[in-house]
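> My questions all concern the structure below.
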Amino acid sequence: MGSHPFVTEYLRLGLAFDRLESGFVDAYTGDPALRREIDNAAAPVPADLVRRAVDLRAALPDAGLSPQRTEFLDAHLVAMECSARKFAGEEIGFVDEVRAYFDVDITPGDPDDYREAHRQMDEVLGGDGPLAERVAAYRRGDEIPPERLPECVEAFSSALRERVRARYPLPDHEHVTYEVVGDKPWSGFNYYLGNYRSTVAINSDLKQHMAHLPALIAHESYPGHHTEHCRKEAGLVAAGEDEQTLFLVNTPQCLMAEGLADLALQSIVGPGWGVWAQEIYADLGLRFDGERAERFSAASAKLLSVRQDAALLLHDKHRSHDEVAQFLQRWSLATPERARQSLRFLSSPLWRAYISTYVEGYRLLGGWLDGAVDAQDRIERFGRLLDEPLTPGAIRRLLDDGATAGIRQ
């Protein structure tokens with residue numbers, strides 16, 4: 001069964017962006033002949049990509065696709081048009097750029113939330129002296145010895161995989177290969193290769209922490225990115241929805257995927273993940289205070305919006321790098337080095353808006369999951385995120401429907 005002609009043109013358009021910026025195509029598992037055709041063609045002109053995105057979007061209502069597929073493709077063509085305009089040199093305001101890419105409106109966070117987070121972190125850590133110094137000391141004490149990292153990764157991957165396969169079945173031959181790499185701007189990265197296989201790279205330059213590793217493995221693999229790719233390949237792609245073979249940066253797909261992945265650990269293990277992790281570390285001969293780590297994590301989650309605020313300061317308010325670095329150090333309690341690393345990511349023309357996928361994705365998807373009537377409903381909602389081509393707009397409608405249902409009862 002070949003692709004729908006409209007979808008083939010959509011794939012051609014999306015693949016062309018990788019010729020403008022390598023890495024723009026995060027994953028492609030479709031017809032390799034189509035990718036070769038794009039790779040061997042003349043490099044695209046950004047203005048032509050703008051026109052093609054506009055024309056495709058105009059033709060979409062008459063393409064004869066289901067309402068859900070139509071909504072998905074429409075939101076992604078809006079994002080691709082914005083990316084093409086940026087590549088063509090057009091000036092687009094930061095808030096408008098985020099809206100076009102990710103289908104969300106962003107506003108600054110509330111410093112009172114950050115003060116409350118600091119108060120709770122102070123309570124968890126105890127002791128005297130500046131909070132930032134105590135946080136840094138706590139994080140140093142939580143570092144995984146580098147030589148122990150591979151076995152810790154394998155232990156959590158196995159434990160999480162077992163849980164995921166029991167709840168959200170996966171093909172028997174699905175597999176994740178882990179690599180420890182250096183000199184990267186991220187902590188971990190999933191490269192989905194198709195045919196239910198991923199390579200997950202973990203950055204050795206950044207100290208990996210015992211409190212963070214379970215969430216990292218859940219985010220990248222089980223039940224995060226790898227699981228989502230596998231479930232969509234086995235379901236949507238197998239059913240002929242070939243638009244799901246393409247995963248582009250700066251699209252609503254990213255917000256949905258990062259929100260899902262950041263909610264992965266609490267969705268598959270839930271409250272008590274700290275003690276669960278403590279037992280796994282104990283089997284490896286490592287001491288870890290899981291209950292304290294879980295409390296500290298819950299407190300620091302209230303700092304979620306700080307990095308998006310930093311992006312707004314940098315790109316919307318046009319503040320200096322020094323000022324934004326100070327803002328990050330003050331509110332996220334980052335070291336000067338970590339603040340500068342965050343700034344490198346926030347300053348990248350390709351990645352400058354991406355921080356919103358984590359902030360708004362976690363908030364939007366977390367709000368919908370938290371609206372579940374019971375544990376089984378929450379399991380089923382997370383399953384829908386894994387399996388369906390939902391968009392931020394679709395989740396907002398589900399939230400509105402839930403609110404209306406609550407009023408009617």
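Here's how to read the names in the structure tokens: chain A, B, ... by the order shown, residue numbers from 1 in each chain, ligand numbers from 1 in the order shown.
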Pull the strand (DSSP E or B) assignments for segment 137-256 of chain A out of DSSP run on the backbone, and list those residues as a PyMOL selection string.

chain A and resi 143+175-181+188-194+197-203+209+246-248

> Just checking: using only C-alpha atoms, which residue out of A:Leu265, A:Leu149, A:Ala218, A:Ala166 ends up closest to Asn203 of chain A?

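Of A:Leu265, A:Leu149, A:Ala218, A:Ala166, the one nearest Asn203 of chain A, counting only C-alpha atoms, is A:Leu149.
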
> Hey, can you check how far atom CA of Leu60 of chain A sits from atom CA of Phe382 of chain A?

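Value for the atom CA of Leu60 of chain A-atom CA of Phe382 of chain A distance: 28.9 Å.
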
> Would you work out the distance separating atom CA of Pro111 of chain A from atom CA of Glu323 of chain A, expressed in Å to one decimal?

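About the pair atom CA of Pro111 of chain A and atom CA of Glu323 of chain A: they are 16.3 Å apart.
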
> Determine, using only C-alpha atoms, which residues of segment 20-39 of chain A have any atom at most 10 Å from an atom of segment 228-237 of chain A, and tabulate each with its shortest atom pair and distance in Å to one decimal place, rows ordered by chain and then rising number, as CSV.


residue,atom,partner,partner_atom,distance
A:Ala27,CA,A:His229,CA,9.6
A:Thr29,CA,A:Glu233,CA,8.8
A:Gly30,CA,A:Val237,CA,9.0

> With only C-alpha atoms as the counted atoms, please give the residues lying no more than 10 Å from Gln278 of chain A, apart from itself and same-chain residues fewer than 6 positions off, as a short mmCIF file (atom, residue, chain, number, x, y, z; two decimals) with C-alpha atoms, in the first residue's frame.


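Result saved to around_35.cif:
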data_model
loop_
_atom_site.label_atom_id
_atom_site.label_comp_id
_atom_site.auth_asym_id
_atom_site.auth_seq_id
_atom_site.Cartn_x
_atom_site.Cartn_y
_atom_site.Cartn_z
CA MET A 210 21.18 9.02 40.89
CA ALA A 211 18.00 11.06 41.44
CA LEU A 284 24.08 -2.42 42.69
CA LEU A 286 24.95 2.16 45.77
CA ARG A 287 23.36 4.17 48.61
CA PHE A 288 20.48 6.43 47.61
CA ASP A 289 17.87 8.16 49.77
CA GLY A 290 14.86 7.71 47.50
CA GLU A 291 12.25 9.39 49.67
CA ALA A 293 15.13 12.57 46.29
#

> Would you kindly return, as a PyMOL selection string, each protein, DNA or RNA residue with an atom no farther than 12 Å from any atom of Leu304 of chain A, considering only C-alpha atoms and excluding same-chain residues fewer than 5 positions away?

chain A and resi 108-111+113-114+117+262+297-299+309-310+328+331-332+355-363

> If we count only C-alpha atoms and set the cut-off at 10 Å, which residues sit around Glu71 of chain A, ignoring sequence neighbours fewer than 3 positions away in its own chain? Please answer as a VMD selection string.

chain A and resid 60 to 61 65 to 68 74 to 76 389 to 391 393 to 394

> Excluding same-chain residues fewer than 4 positions from Gly224 of chain A, what lies within 6 Å of it counting only C-alpha atoms, as JSON, numbers by chain?

{"A": [218, 219, 220, 261, 264]}
